[in-house]
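**Q** See entry09.cif below, with mmCIF, C-alpha atoms.
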data_my_file
#
loop_
_atom_site.label_atom_id
_atom_site.label_comp_id
_atom_site.auth_asym_id
_atom_site.auth_seq_id
_atom_site.Cartn_x
_atom_site.Cartn_y
_atom_site.Cartn_z
CA MET A 10 17.05 -25.16 18.38
CA ARG A 11 16.88 -27.42 15.32
CA THR A 12 14.06 -29.87 14.84
CA GLY A 13 13.48 -32.87 12.66
CA SER A 14 11.43 -30.72 10.30
CA GLY A 15 14.46 -28.60 9.48
CA LEU A 16 13.03 -25.49 11.17
CA THR A 17 15.37 -23.33 13.21
CA ALA A 18 14.24 -20.80 15.79
CA GLU A 19 15.65 -19.05 18.83
CA PHE A 20 13.61 -17.82 21.76
CA ASP A 21 14.29 -15.21 24.41
CA ASP A 22 14.13 -16.99 27.78
CA LYS A 23 15.19 -13.95 29.83
CA PRO A 24 12.74 -12.37 32.29
CA ALA A 25 11.07 -9.07 31.44
CA GLY A 26 13.54 -6.21 31.49
CA GLN A 27 16.55 -8.43 30.76
CA GLY A 28 15.96 -9.09 27.07
CA PRO A 29 18.35 -8.25 24.24
CA PHE A 30 18.94 -4.65 23.18
CA PRO A 31 20.26 -2.87 20.05
CA GLY A 32 23.35 -4.64 18.77
CA LEU A 33 22.70 -7.73 20.87
CA LEU A 34 19.67 -9.19 19.11
CA ARG A 35 19.72 -12.93 18.69
CA HIS A 36 18.07 -13.18 15.30
CA LEU A 37 16.26 -15.92 13.56
CA PRO A 38 18.40 -17.15 10.66
CA LYS A 39 17.90 -15.28 7.40
CA PRO A 40 16.23 -17.62 4.87
CA GLN A 41 15.09 -16.47 1.44
CA TRP A 42 11.48 -15.64 2.18
CA SER A 43 9.15 -15.19 -0.74
CA ARG A 44 8.16 -11.56 -1.42
CA GLY A 45 5.34 -10.36 0.75
CA ARG A 46 5.30 -13.34 3.08
CA GLY A 47 7.55 -12.27 5.94
CA VAL A 48 9.02 -14.28 8.75
CA LEU A 49 5.70 -15.06 10.41
CA ASP A 50 4.19 -16.43 7.21
CA ARG A 51 7.17 -18.57 6.26
CA VAL A 52 6.42 -21.34 8.77
CA ASP A 53 3.24 -23.16 7.80
CA VAL A 54 1.53 -23.26 11.18
CA GLY A 55 -2.18 -22.56 11.11
CA ASN A 56 -4.12 -20.71 8.48
CA THR A 57 -2.09 -17.84 7.07
CA ARG A 58 -4.73 -16.58 4.67
CA VAL A 59 -7.06 -13.78 5.71
CA ALA A 60 -10.71 -13.59 4.69
CA ARG A 61 -11.34 -10.72 2.32
CA GLY A 62 -14.09 -8.19 2.99
CA THR A 63 -16.23 -7.06 0.08
CA GLY A 64 -16.59 -3.43 1.12
CA GLY A 65 -20.31 -3.39 0.45
CA CYS A 66 -20.30 -5.22 -2.90
CA GLU A 67 -23.16 -7.61 -3.46
CA SER A 68 -20.83 -10.43 -4.45
CA SER A 69 -17.48 -11.65 -3.18
CA ASN A 70 -16.44 -12.11 -6.82
CA LEU A 71 -15.01 -8.64 -7.34
CA VAL A 72 -13.35 -9.21 -10.69
CA ASN A 73 -14.10 -6.11 -12.74
CA ARG A 74 -17.40 -5.56 -10.95
CA GLU A 75 -18.84 -2.08 -10.65
CA CYS A 76 -19.67 -2.23 -6.95
CA ALA A 77 -22.10 -0.23 -4.92
CA PRO A 78 -19.94 0.51 -1.86
CA MET A 79 -21.43 0.96 1.59
CA ARG A 80 -23.38 4.17 1.83
CA PRO A 81 -21.62 6.55 4.23
CA THR A 82 -23.57 8.56 6.75
CA GLY A 83 -23.18 12.19 7.66
CA ALA A 84 -22.07 15.17 5.62
CA GLY A 85 -18.40 14.39 5.13
CA PRO A 86 -15.52 11.99 5.69
CA SER A 87 -14.92 13.35 9.19
CA THR A 88 -18.17 11.68 10.31
CA LEU A 89 -16.95 8.22 9.33
CA THR A 90 -14.82 5.90 11.41
CA PRO A 91 -12.90 2.79 10.34
CA THR A 92 -15.26 -0.16 10.39
CA ARG A 93 -13.13 -3.11 9.38
CA THR A 94 -9.52 -4.16 9.80
CA GLY A 95 -7.48 -7.07 8.53
CA ALA A 96 -4.61 -7.94 6.28
CA ALA A 97 -6.62 -7.74 3.03
CA MET A 98 -6.39 -4.22 1.62
CA ARG A 99 -7.73 -2.25 -1.32
CA VAL A 100 -5.07 -0.65 -3.53
CA ILE A 101 -6.55 2.38 -5.31
CA LEU A 102 -5.07 3.47 -8.64
CA ASN A 103 -5.19 7.03 -9.95
CA SER A 104 -5.15 7.47 -13.72
CA ASP A 105 -1.64 8.99 -13.76
CA VAL A 106 -0.08 5.64 -12.80
CA LEU A 107 -1.94 3.99 -15.70
CA TYR A 108 -0.35 6.30 -18.26
CA GLY A 109 1.12 4.70 -21.37
CA ASP A 110 0.42 3.30 -24.82
CA PHE A 111 -1.47 0.10 -24.07
CA SER A 112 -1.93 -0.77 -27.75
CA SER A 113 1.81 -1.07 -28.32
CA ASN A 114 3.10 -2.11 -24.92
CA GLY A 115 0.16 -3.54 -23.02
CA LEU A 116 -0.43 -2.58 -19.42
CA PRO A 117 2.59 -1.20 -17.54
CA ALA A 118 4.89 -4.01 -16.41
CA ALA A 119 4.91 -2.57 -12.88
CA LEU A 120 1.10 -2.83 -12.77
CA VAL A 121 1.26 -6.48 -13.84
CA ARG A 122 3.77 -7.20 -11.05
CA LEU A 123 1.66 -5.31 -8.53
CA ALA A 124 -1.43 -7.28 -9.54
CA GLU A 125 0.44 -10.57 -9.15
CA GLU A 126 1.55 -9.59 -5.66
CA CYS A 127 -1.95 -8.40 -4.72
CA ALA A 128 -3.32 -11.75 -5.87
CA GLU A 129 -0.71 -13.55 -3.77
CA GLN A 130 -1.61 -11.56 -0.64
CA ASP A 131 -5.38 -11.34 -1.26
CA HIS A 132 -5.35 -7.57 -1.75
CA ILE A 133 -7.82 -5.99 -4.18
CA LEU A 134 -7.02 -3.51 -6.93
CA VAL A 135 -9.49 -0.62 -7.09
CA VAL A 136 -9.72 1.53 -10.21
CA PRO A 137 -12.20 4.37 -9.65
CA VAL A 138 -14.45 4.82 -12.67
CA THR A 139 -13.08 8.36 -12.77
CA SER A 140 -9.63 6.88 -13.49
CA VAL A 141 -11.05 4.38 -15.99
CA LEU A 142 -12.80 7.09 -18.02
CA GLU A 143 -9.68 9.24 -18.13
CA THR A 144 -7.52 6.26 -19.15
CA GLU A 145 -10.00 5.29 -21.87
CA ARG A 146 -9.96 8.84 -23.23
CA ARG A 147 -6.16 8.80 -23.36
CA GLN A 148 -6.12 5.47 -25.17
CA ARG A 149 -8.66 6.74 -27.73
CA GLU A 150 -6.38 9.71 -28.40
CA ILE A 151 -3.40 7.38 -28.93
CA THR A 152 -5.42 5.17 -31.27
CA ALA A 153 -6.62 8.17 -33.27
CA GLY A 154 -3.02 9.34 -33.60
CA GLN A 155 -1.97 5.93 -34.91
CA ARG A 156 -4.77 5.86 -37.49
CA LYS A 157 -4.10 9.34 -38.83
CA PRO A 158 -0.86 8.55 -40.79
CA VAL A 159 -2.48 5.45 -42.28
CA GLU A 160 -5.38 7.53 -43.56
CA ALA A 161 -2.96 10.21 -44.78
CA ALA A 162 -0.89 7.62 -46.67
CA ARG A 163 -3.97 6.25 -48.43
CA GLN A 164 -5.07 9.75 -49.41
CA THR A 165 -1.59 10.58 -50.74
CA LEU A 166 -1.65 7.51 -52.97
CA LEU A 167 -5.12 8.32 -54.23
CA ASP A 168 -4.07 11.92 -54.98
CA GLN A 169 -1.26 10.54 -57.16
CA GLY A 170 -3.71 8.40 -59.09
CA ILE A 171 -2.52 5.17 -57.48
CA GLY A 172 -5.29 2.71 -56.76
CA VAL A 173 -5.57 1.54 -53.18
CA PRO A 174 -7.67 -1.44 -52.11
CA ASP A 175 -10.48 -0.41 -49.85
CA PHE A 176 -9.82 -1.13 -46.18
CA ASP A 177 -11.20 -0.21 -42.79
CA VAL A 178 -8.54 1.51 -40.73
CA THR A 179 -10.43 0.68 -37.53
CA ALA A 180 -9.96 -3.02 -38.33
CA ILE A 181 -6.22 -2.52 -38.78
CA ILE A 182 -5.88 -0.41 -35.66
CA PRO A 183 -8.83 -1.38 -33.47
CA ASP A 184 -10.10 0.40 -30.42
CA LEU A 185 -8.57 -0.79 -27.16
CA ASP A 186 -10.76 -2.31 -24.44
CA VAL A 187 -9.17 -0.91 -21.27
CA ARG A 188 -11.62 -2.69 -18.99
CA ALA A 189 -10.86 -6.06 -20.59
CA LEU A 190 -7.13 -5.50 -20.05
CA LEU A 191 -7.74 -4.69 -16.38
CA ASN A 192 -9.94 -7.77 -16.08
CA ASP A 193 -7.04 -9.93 -17.32
CA LEU A 194 -4.81 -8.89 -14.41
CA ALA A 195 -3.99 -11.57 -11.85
CA ALA A 196 -5.57 -9.68 -8.97
CA GLU A 197 -9.23 -9.12 -8.32
CA VAL A 198 -10.32 -5.71 -9.61
CA GLN A 199 -13.07 -3.36 -8.50
CA LEU A 200 -14.29 -0.59 -10.78
CA THR A 201 -15.67 1.80 -8.18
CA PRO A 202 -17.98 4.66 -9.17
CA PRO A 203 -18.13 7.80 -7.06
CA LEU A 204 -21.15 8.22 -4.82
CA LEU A 205 -23.15 11.44 -4.54
CA HIS A 206 -21.37 11.96 -1.23
CA ASP A 207 -17.99 11.86 -3.03
CA PHE A 208 -19.10 14.48 -5.56
CA GLU A 209 -20.47 16.75 -2.84
CA ASP A 210 -17.29 16.44 -0.82
CA ALA A 211 -15.09 17.21 -3.84
CA HIS A 212 -17.33 20.11 -4.86
CA ARG A 213 -17.01 21.72 -1.41
CA ARG A 214 -13.23 21.32 -1.34
CA ALA A 215 -12.85 22.76 -4.85
CA CYS A 216 -15.07 25.77 -4.17
CA LEU A 217 -13.56 26.57 -0.76
CA HIS A 218 -10.00 25.48 -1.66
CA GLU A 219 -10.03 23.16 1.33
CA SER A 220 -7.22 20.65 1.92
CA PRO A 221 -5.83 18.87 0.00
CA HIS A 222 -6.81 21.35 -2.74
CA PRO A 223 -3.80 23.63 -3.41
CA PRO A 224 -4.62 26.99 -1.79
CA ASP A 225 -2.50 29.00 -4.25
CA THR A 226 -3.95 27.85 -7.56
CA LYS A 227 -6.73 29.25 -9.75
CA SER A 228 -7.79 25.76 -10.82
CA ASP A 229 -11.04 24.40 -9.41
CA GLU A 230 -10.38 20.91 -10.86
CA MET A 231 -12.65 18.40 -9.12
CA ARG A 232 -11.41 15.16 -10.68
CA ASP A 233 -8.48 14.69 -8.29
CA LEU A 234 -10.66 15.66 -5.33
CA VAL A 235 -13.23 13.01 -6.33
CA ILE A 236 -10.44 10.39 -6.27
CA TRP A 237 -9.40 11.71 -2.85
CA ALA A 238 -12.95 11.45 -1.51
CA ILE A 239 -13.32 7.89 -2.84
CA SER A 240 -9.98 6.87 -1.32
CA LEU A 241 -10.85 8.27 2.12
CA ARG A 242 -14.24 6.59 2.06
CA LEU A 243 -12.87 3.17 1.13
CA SER A 244 -10.09 3.42 3.70
CA LEU A 245 -12.57 4.35 6.43
CA GLU A 246 -14.84 1.47 5.43
CA ASP A 247 -12.03 -1.09 5.50
CA GLY A 248 -9.85 0.33 8.25
CA HIS A 249 -6.99 0.90 5.78
CA ALA A 250 -6.25 1.38 2.08
CA LEU A 251 -3.42 2.39 -0.24
CA LEU A 252 -3.70 5.20 -2.82
CA VAL A 253 -1.22 5.08 -5.71
CA SER A 254 -0.98 8.49 -7.36
CA ARG A 255 1.62 10.99 -8.55
CA ASP A 256 -0.75 13.95 -8.36
CA THR A 257 0.34 16.59 -5.85
CA VAL A 258 -3.25 16.94 -4.60
CA HIS A 259 -2.94 13.37 -3.33
CA THR A 260 0.71 13.29 -2.26
CA HIS A 261 1.32 16.71 -0.71
CA GLY A 262 1.67 17.17 3.04
CA ARG A 263 -1.62 19.10 3.06
CA GLY A 264 -3.43 15.77 3.20
CA ASP A 265 -1.24 14.10 5.83
CA SER A 266 -3.53 14.62 8.81
CA GLU A 267 -6.71 13.54 7.03
CA ALA A 268 -4.99 10.52 5.49
CA ALA A 269 -3.64 9.48 8.90
CA GLU A 270 -7.10 9.71 10.47
CA ALA A 271 -8.49 7.42 7.76
CA ASN A 272 -5.40 5.14 7.83
CA LEU A 273 -4.94 5.88 4.12
CA ALA A 274 -1.41 5.15 2.94
CA ARG A 275 -0.13 7.03 -0.13
CA VAL A 276 2.68 6.24 -2.56
CA ASP A 277 3.56 7.90 -5.85
CA SER A 278 4.40 4.94 -8.11
CA LEU A 279 3.47 1.35 -8.84
CA ASP A 280 6.95 0.23 -7.76
CA ALA A 281 6.51 2.03 -4.43
CA ALA A 282 3.13 0.31 -4.01
CA LEU A 283 4.83 -3.04 -4.54
CA GLU A 284 7.30 -2.17 -1.79
CA TYR A 285 4.51 -1.08 0.55
CA LEU A 286 2.85 -4.49 0.34
CA ASP A 287 5.78 -5.84 2.38
CA VAL A 288 4.54 -3.68 5.26
CA LYS A 289 1.15 -5.40 5.15
CA THR A 290 2.55 -8.85 5.91
CA PRO A 291 2.29 -10.21 9.46
CA ALA A 292 6.01 -9.52 9.97
CA GLY A 293 5.72 -5.96 8.66
CA GLU A 294 2.64 -5.18 10.73
CA GLN A 295 4.26 -6.63 13.87
CA LEU A 296 7.36 -4.45 13.36
CA GLU A 297 5.18 -1.40 12.72
CA ALA A 298 3.24 -2.04 15.95
CA MET A 299 6.50 -2.24 17.91
CA ILE A 300 7.90 0.98 16.38
CA SER A 301 4.80 3.22 16.28
CA PRO A 302 4.68 4.26 19.97
CA SER A 303 8.15 5.79 19.59
CA TRP A 304 7.39 8.14 16.67
CA PRO A 305 6.83 11.23 18.89
CA ARG A 306 10.19 10.64 20.58
CA VAL A 307 11.86 10.16 17.20
CA ARG A 308 10.41 13.49 16.05
CA GLU A 309 11.62 15.20 19.24
CA ALA A 310 15.11 13.78 18.59
CA GLY A 311 15.28 15.73 15.33
CA VAL A 312 14.33 13.16 12.69
CA PRO A 313 11.73 14.83 10.41
CA VAL A 314 9.06 12.13 10.60
CA GLY A 315 6.29 14.73 11.02
CA GLU A 316 3.02 14.35 12.89
CA ALA A 317 1.77 11.34 10.94
CA PRO A 318 4.70 9.22 9.69
CA MET A 319 3.82 6.37 7.34
CA LEU A 320 5.88 3.20 7.08
CA LEU A 321 6.42 2.61 3.35
CA ASN A 322 8.69 -0.43 3.29
CA VAL A 323 10.36 -2.96 5.57
CA LYS A 324 13.22 -5.32 4.75
CA ASP A 325 15.16 -8.07 6.49
CA VAL A 326 12.74 -8.16 9.42
CA GLN A 327 13.79 -10.48 12.23
CA PHE A 328 12.35 -11.07 15.68
CA VAL A 329 13.38 -12.43 19.05
CA GLN A 330 10.39 -14.27 20.48
CA GLY A 331 9.79 -13.93 24.21
CA TRP A 332 7.31 -16.00 26.15
CA ALA A 333 4.58 -13.37 25.93
CA GLY A 334 5.25 -12.34 22.31
CA PRO A 335 8.06 -10.74 20.29
CA SER A 336 10.50 -9.11 22.71
CA ALA A 337 12.82 -7.48 20.16
CA ALA A 338 13.09 -6.92 16.43
CA SER A 339 15.37 -5.48 13.79
CA GLY A 340 15.23 -4.56 10.12
CA SER A 341 15.47 -1.74 7.61
CA ILE A 342 12.61 0.72 7.12
CA LYS A 343 11.50 3.44 4.72
CA VAL A 344 9.17 6.12 6.10
CA ARG A 345 7.18 8.96 4.57
CA GLY A 346 7.78 11.87 6.90
CA HIS A 347 7.14 15.62 7.11
CA ASP A 348 5.97 17.14 3.79
CA GLY A 349 6.49 13.82 2.04
CA GLN A 350 10.20 13.49 2.88
CA ILE A 351 11.48 9.94 2.44
CA ILE A 352 13.43 8.68 5.45
CA THR A 353 15.38 5.42 5.53
CA ALA A 354 17.07 3.80 8.51
CA ASP A 355 18.17 0.58 10.14
CA VAL A 356 16.05 -0.12 13.19
CA GLU A 357 16.37 -2.19 16.33
CA VAL A 358 13.60 -2.18 18.94
CA ASP A 359 13.47 -3.82 22.36
CA VAL A 360 10.08 -4.26 24.04
CA SER A 361 11.14 -6.93 26.53
CA THR A 362 9.97 -4.85 29.51
CA GLU A 363 6.27 -4.65 30.22
CA SER A 364 5.74 -0.94 29.62
CA ASP A 365 8.70 0.47 27.68
CA ALA A 366 10.00 0.33 24.14
CA ARG A 367 13.57 1.30 23.38
CA LEU A 368 14.18 2.15 19.74
CA SER A 369 17.51 2.56 17.99
CA LEU A 370 17.75 4.14 14.53
CA SER A 371 21.06 4.12 12.64
CA ASN A 372 22.23 4.89 9.10
CA ILE A 373 19.42 7.46 8.93
CA ARG A 374 18.91 9.43 5.72
CA ALA A 375 16.18 12.05 5.33
CA ALA A 376 15.57 13.43 1.83
CA GLY A 377 18.96 11.98 0.85
CA LYS A 378 20.88 13.67 3.69
CA ALA A 379 22.53 11.85 6.59
CA VAL A 380 21.03 12.29 10.06
CA ALA A 381 22.73 11.39 13.34
CA ASP A 382 21.88 8.03 14.92
CA ILE A 383 19.40 8.15 17.78
CA VAL A 384 18.17 6.00 20.66
CA VAL A 385 14.79 6.84 22.22
CA GLN A 386 12.51 5.31 24.82
CA ALA A 387 8.71 5.41 24.91
CA ASP A 388 5.72 3.85 26.66
CA TYR A 389 4.66 0.62 25.03
CA GLU A 390 1.65 -1.67 25.26
CA PRO A 391 1.76 -4.89 23.23
CA SER A 392 -0.62 -4.67 20.28
CA ASP A 393 -3.39 -7.16 19.81
CA ILE A 394 -2.27 -9.08 16.73
CA GLU A 395 -4.02 -12.32 17.52
CA ASP A 396 -3.25 -14.30 14.37
CA ASP A 397 0.48 -13.61 14.58
CA THR A 398 0.68 -14.40 18.30
CA GLU A 399 -1.26 -17.62 17.87
CA ARG A 400 1.00 -18.72 15.01
CA LEU A 401 4.08 -18.00 17.08
CA ARG A 402 2.67 -19.94 20.02
CA ALA A 403 1.77 -22.81 17.73
CA LEU A 404 5.29 -22.73 16.29
CA ARG A 405 6.77 -22.82 19.79
CA ALA A 406 4.60 -25.82 20.75
CA LEU A 407 5.53 -27.61 17.51
CA LEU A 408 9.24 -27.06 18.00
CA GLU A 409 9.14 -28.11 21.67
CA GLU A 410 7.11 -31.21 20.82
CA GLU A 411 9.56 -32.28 18.13
CA GLN A 412 12.54 -31.57 20.36
CA GLY A 413 11.01 -33.64 23.16
#
What do you get writing this file as structure tokens?

**A**
Amino acid sequence: MRTGSGLTAEFDDKPAGQGPFPGLLRHLPKPQWSRGRGVLDRVDVGNTRVARGTGGCESSNLVNRECAPMRPTGAGPSTLTPTRTGAAMRVILNSDVLYGDFSSNGLPAALVRLAEECAEQDHILVVPVTSVLETERRQREITAGQRKPVEAARQTLLDQGIGVPDFDVTAIIPDLDVRALLNDLAAEVQLTPPLLHDFEDAHRRACLHESPHPPDTKSDEMRDLVIWAISLRLSLEDGHALLVSRDTVHTHGRGDSEAAEANLARVDSLDAALEYLDVKTPAGEQLEAMISPSWPRVREAGVPVGEAPMLLNVKDVQFVQGWAGPSAASGSIKVRGHDGQIITADVEVDVSTESDARLSLSNIRAAGKAVADIVVQADYEPSDIEDDTERLRALRALLEEEQG
């Protein structure tokens, strides 16, 4: 239907059990949505912004604040349960994704883009103080290396009897203020110190070589385990979080189960984090809710999604709207599967019946290798995504009113 406002939509009027199925989806047209907005955000019906939780900070102004997060109870992360959900999410940065010469090149371009997207979607960048200190140390080393040839050149001239005006090399090549650079990012930034609980948790894992500590290494490095403890705690507090790290302690399959329990997503680059933000749009979360019940059947069909698959990216998401909510959807997905394997596929899902979801995956590639197409069926209960459903109902009423 086309309305006077220029909006176009198509609804599924078929009774339950007779909706469209893979290959027969009647899609919404494909406009050029802005990054991170998704099909449900594109139509301005109702309030699309989500209130941001402060995660225990004393102020809602989180720009470069060193927060005192909520104090966890119990002896370890396993005693905590997610306490808050919502679209706003904390994106936690390990020091290895902040690597680079800031004095010459500024902050990584990918970090600047990620911060802009986080600001657009009301996500919060979290830089653990552990990461800040390590980054500051690295920048001091770079600065010292830049000053050394200047000092050497002056000394060489003096040794040859050539007068050199007095100068302060630290004024020519000043120290870099890493925290000021982070504060200049578009997104809100938390500098989060580890709690005593985080240190105790990391200490136990290091001493006992507990997951995700590598069991076959002589290193008892605690730094990465502290970041892991902080990430789990923040994710449990908020109901979800994203850890951006290349370190194998954080990315290896050893941590899959614990990360899944805390709803902690993990990616290994700033670019991958930018992609993941598309999943945290209303459209991405709706598609994820429609797909998730079928993961066990997908695993049984031979696709190596593992026990705790994580949706990393969604593209070209389109829905067919039934009277009780979305009845079918399609798009392209990227999934982190067993032992960190990356799986991509085109997906079509039909949930038009009251209790079943039928999922079709095609053009599947796992770790770069082609996998046969599959169709699976699983039990399905519509998820409670109130904001999205209300916006869709409001859109339906608006379109019907204008048509009438």

**Q** So that I can check the surroundings of A:Val178, please list as a PDB file with C-alpha atoms, in the coordinates of the input every protein, DNA and RNA residue that reaches within 8 Å of it, counting only C-alpha atoms and ignoring chain neighbours fewer than 3 positions away.

**A**
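Resulting contents of out.pdb:
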ATOM      1  CA  ARG A 156      -4.770   5.860 -37.490  1.00  0.00           C
ATOM      2  CA  VAL A 159      -2.480   5.450 -42.280  1.00  0.00           C
ATOM      3  CA  GLU A 160      -5.380   7.530 -43.560  1.00  0.00           C
ATOM      4  CA  ILE A 181      -6.220  -2.520 -38.780  1.00  0.00           C
ATOM      5  CA  ILE A 182      -5.880  -0.410 -35.660  1.00  0.00           C
ATOM      6  CA  PRO A 183      -8.830  -1.380 -33.470  1.00  0.00           C
TER       7      PRO A 183
END

**Q** So that I can check the surroundings of stretch 134-148 of chain A, please list as a PyMOL selection string every protein, DNA and RNA residue that reaches within 10 Å of it, counting only C-alpha atoms and ignoring chain neighbours fewer than 2 positions away.

**A** chain A and resi 71-73+75+98-112+123-124+127-128+131-132+150-154+184-188+191+194-203+232-233+235-236+239-240+243+250-252

**Q** Please produce a file of the residues just selected, as a PDB file, keeping the file's coordinate frame, where the atoms kept are C-alpha atoms.

**A**
ATOM      1  CA  LEU A  71     -15.010  -8.640  -7.340  1.00  0.00           C
ATOM      2  CA  VAL A  72     -13.350  -9.210 -10.690  1.00  0.00           C
ATOM      3  CA  ASN A  73     -14.100  -6.110 -12.740  1.00  0.00           C
ATOM      4  CA  GLU A  75     -18.840  -2.080 -10.650  1.00  0.00           C
ATOM      5  CA  MET A  98      -6.390  -4.220   1.620  1.00  0.00           C
ATOM      6  CA  ARG A  99      -7.730  -2.250  -1.320  1.00  0.00           C
ATOM      7  CA  VAL A 100      -5.070  -0.650  -3.530  1.00  0.00           C
ATOM      8  CA  ILE A 101      -6.550   2.380  -5.310  1.00  0.00           C
ATOM      9  CA  LEU A 102      -5.070   3.470  -8.640  1.00  0.00           C
ATOM     10  CA  ASN A 103      -5.190   7.030  -9.950  1.00  0.00           C
ATOM     11  CA  SER A 104      -5.150   7.470 -13.720  1.00  0.00           C
ATOM     12  CA  ASP A 105      -1.640   8.990 -13.760  1.00  0.00           C
ATOM     13  CA  VAL A 106      -0.080   5.640 -12.800  1.00  0.00           C
ATOM     14  CA  LEU A 107      -1.940   3.990 -15.700  1.00  0.00           C
ATOM     15  CA  TYR A 108      -0.350   6.300 -18.260  1.00  0.00           C
ATOM     16  CA  GLY A 109       1.120   4.700 -21.370  1.00  0.00           C
ATOM     17  CA  ASP A 110       0.420   3.300 -24.820  1.00  0.00           C
ATOM     18  CA  PHE A 111      -1.470   0.100 -24.070  1.00  0.00           C
ATOM     19  CA  SER A 112      -1.930  -0.770 -27.750  1.00  0.00           C
ATOM     20  CA  LEU A 123       1.660  -5.310  -8.530  1.00  0.00           C
ATOM     21  CA  ALA A 124      -1.430  -7.280  -9.540  1.00  0.00           C
ATOM     22  CA  CYS A 127      -1.950  -8.400  -4.720  1.00  0.00           C
ATOM     23  CA  ALA A 128      -3.320 -11.750  -5.870  1.00  0.00           C
ATOM     24  CA  ASP A 131      -5.380 -11.340  -1.260  1.00  0.00           C
ATOM     25  CA  HIS A 132      -5.350  -7.570  -1.750  1.00  0.00           C
ATOM     26  CA  GLU A 150      -6.380   9.710 -28.400  1.00  0.00           C
ATOM     27  CA  ILE A 151      -3.400   7.380 -28.930  1.00  0.00           C
ATOM     28  CA  THR A 152      -5.420   5.170 -31.270  1.00  0.00           C
ATOM     29  CA  ALA A 153      -6.620   8.170 -33.270  1.00  0.00           C
ATOM     30  CA  GLY A 154      -3.020   9.340 -33.600  1.00  0.00           C
ATOM     31  CA  ASP A 184     -10.100   0.400 -30.420  1.00  0.00           C
ATOM     32  CA  LEU A 185      -8.570  -0.790 -27.160  1.00  0.00           C
ATOM     33  CA  ASP A 186     -10.760  -2.310 -24.440  1.00  0.00           C
ATOM     34  CA  VAL A 187      -9.170  -0.910 -21.270  1.00  0.00           C
ATOM     35  CA  ARG A 188     -11.620  -2.690 -18.990  1.00  0.00           C
ATOM     36  CA  LEU A 191      -7.740  -4.690 -16.380  1.00  0.00           C
ATOM     37  CA  LEU A 194      -4.810  -8.890 -14.410  1.00  0.00           C
ATOM     38  CA  ALA A 195      -3.990 -11.570 -11.850  1.00  0.00           C
ATOM     39  CA  ALA A 196      -5.570  -9.680  -8.970  1.00  0.00           C
ATOM     40  CA  GLU A 197      -9.230  -9.120  -8.320  1.00  0.00           C
ATOM     41  CA  VAL A 198     -10.320  -5.710  -9.610  1.00  0.00           C
ATOM     42  CA  GLN A 199     -13.070  -3.360  -8.500  1.00  0.00           C
ATOM     43  CA  LEU A 200     -14.290  -0.590 -10.780  1.00  0.00           C
ATOM     44  CA  THR A 201     -15.670   1.800  -8.180  1.00  0.00           C
ATOM     45  CA  PRO A 202     -17.980   4.660  -9.170  1.00  0.00           C
ATOM     46  CA  PRO A 203     -18.130   7.800  -7.060  1.00  0.00           C
ATOM     47  CA  ARG A 232     -11.410  15.160 -10.680  1.00  0.00           C
ATOM     48  CA  ASP A 233      -8.480  14.690  -8.290  1.00  0.00           C
ATOM     49  CA  VAL A 235     -13.230  13.010  -6.330  1.00  0.00           C
ATOM     50  CA  ILE A 236     -10.440  10.390  -6.270  1.00  0.00           C
ATOM     51  CA  ILE A 239     -13.320   7.890  -2.840  1.00  0.00           C
ATOM     52  CA  SER A 240      -9.980   6.870  -1.320  1.00  0.00           C
ATOM     53  CA  LEU A 243     -12.870   3.170   1.130  1.00  0.00           C
ATOM     54  CA  ALA A 250      -6.250   1.380   2.080  1.00  0.00           C
ATOM     55  CA  LEU A 251      -3.420   2.390  -0.240  1.00  0.00           C
ATOM     56  CA  LEU A 252      -3.700   5.200  -2.820  1.00  0.00           C
TER      57      LEU A 252
END

**Q** Return as a ChimeraX atom specification the set of residues that the PyMOL selection byres ((chain A and resi 304-320) around 7) yields on the displayed structure.

**A** /A:265-266,269,274,301-303,321-322,343-347,385,387

**Q** Just give me the gap between atom CA of A:Leu190 and atom CA of A:Asp277 in Å, one decimal is fine.

**A** 22.3 Å

**Q** Using all atoms listed in the file, which of A:Lys378, A:Ile351, A:Ile300, A:Asp256 sits nearest A:Asp365?

**A**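 So, comparing all the options, the nearest one is A:Ile300.
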
**Q** Taking into account all atoms listed in the file, which residue in the set A:Gln386, A:Asn114, A:Gln330, A:Asn192 is nearest to A:Ser369?

**A** A:Gln386

**Q** Please report, as lines of an AutoDock Vina configuration file, the centre and edge lengths in Å to one decimal of an axis-aligned box covering all listed atoms of stretch 322-334 of chain A with 3 Å per side.

**A**
center_x = 9.9
center_y = -8.2
center_z = 14.7
size_x = 16.6
size_y = 21.6
size_z = 28.9

**Q** Using the partial input, fill out stretch 345-349 of chain A with N, CA and C atoms; write the result as a PDB file, keeping the file's coordinate frame.

**A**
ATOM      1  N   ARG A 345       7.601   7.661   5.111  1.00  0.00           N
ATOM      2  CA  ARG A 345       7.180   8.960   4.570  1.00  0.00           C
ATOM      3  C   ARG A 345       7.015   9.897   5.746  1.00  0.00           C
ATOM      4  N   GLY A 346       7.795  10.964   5.772  1.00  0.00           N
ATOM      5  CA  GLY A 346       7.780  11.870   6.900  1.00  0.00           C
ATOM      6  C   GLY A 346       7.180  13.226   6.581  1.00  0.00           C
ATOM      7  N   HIS A 347       7.677  14.268   7.244  1.00  0.00           N
ATOM      8  CA  HIS A 347       7.140  15.620   7.110  1.00  0.00           C
ATOM      9  C   HIS A 347       7.206  16.105   5.661  1.00  0.00           C
ATOM     10  N   ASP A 348       6.071  16.621   5.157  1.00  0.00           N
ATOM     11  CA  ASP A 348       5.970  17.140   3.790  1.00  0.00           C
ATOM     12  C   ASP A 348       6.441  16.130   2.755  1.00  0.00           C
ATOM     13  N   GLY A 349       6.188  14.859   3.004  1.00  0.00           N
ATOM     14  CA  GLY A 349       6.490  13.820   2.040  1.00  0.00           C
ATOM     15  C   GLY A 349       7.945  13.410   1.963  1.00  0.00           C
TER      16      GLY A 349
END
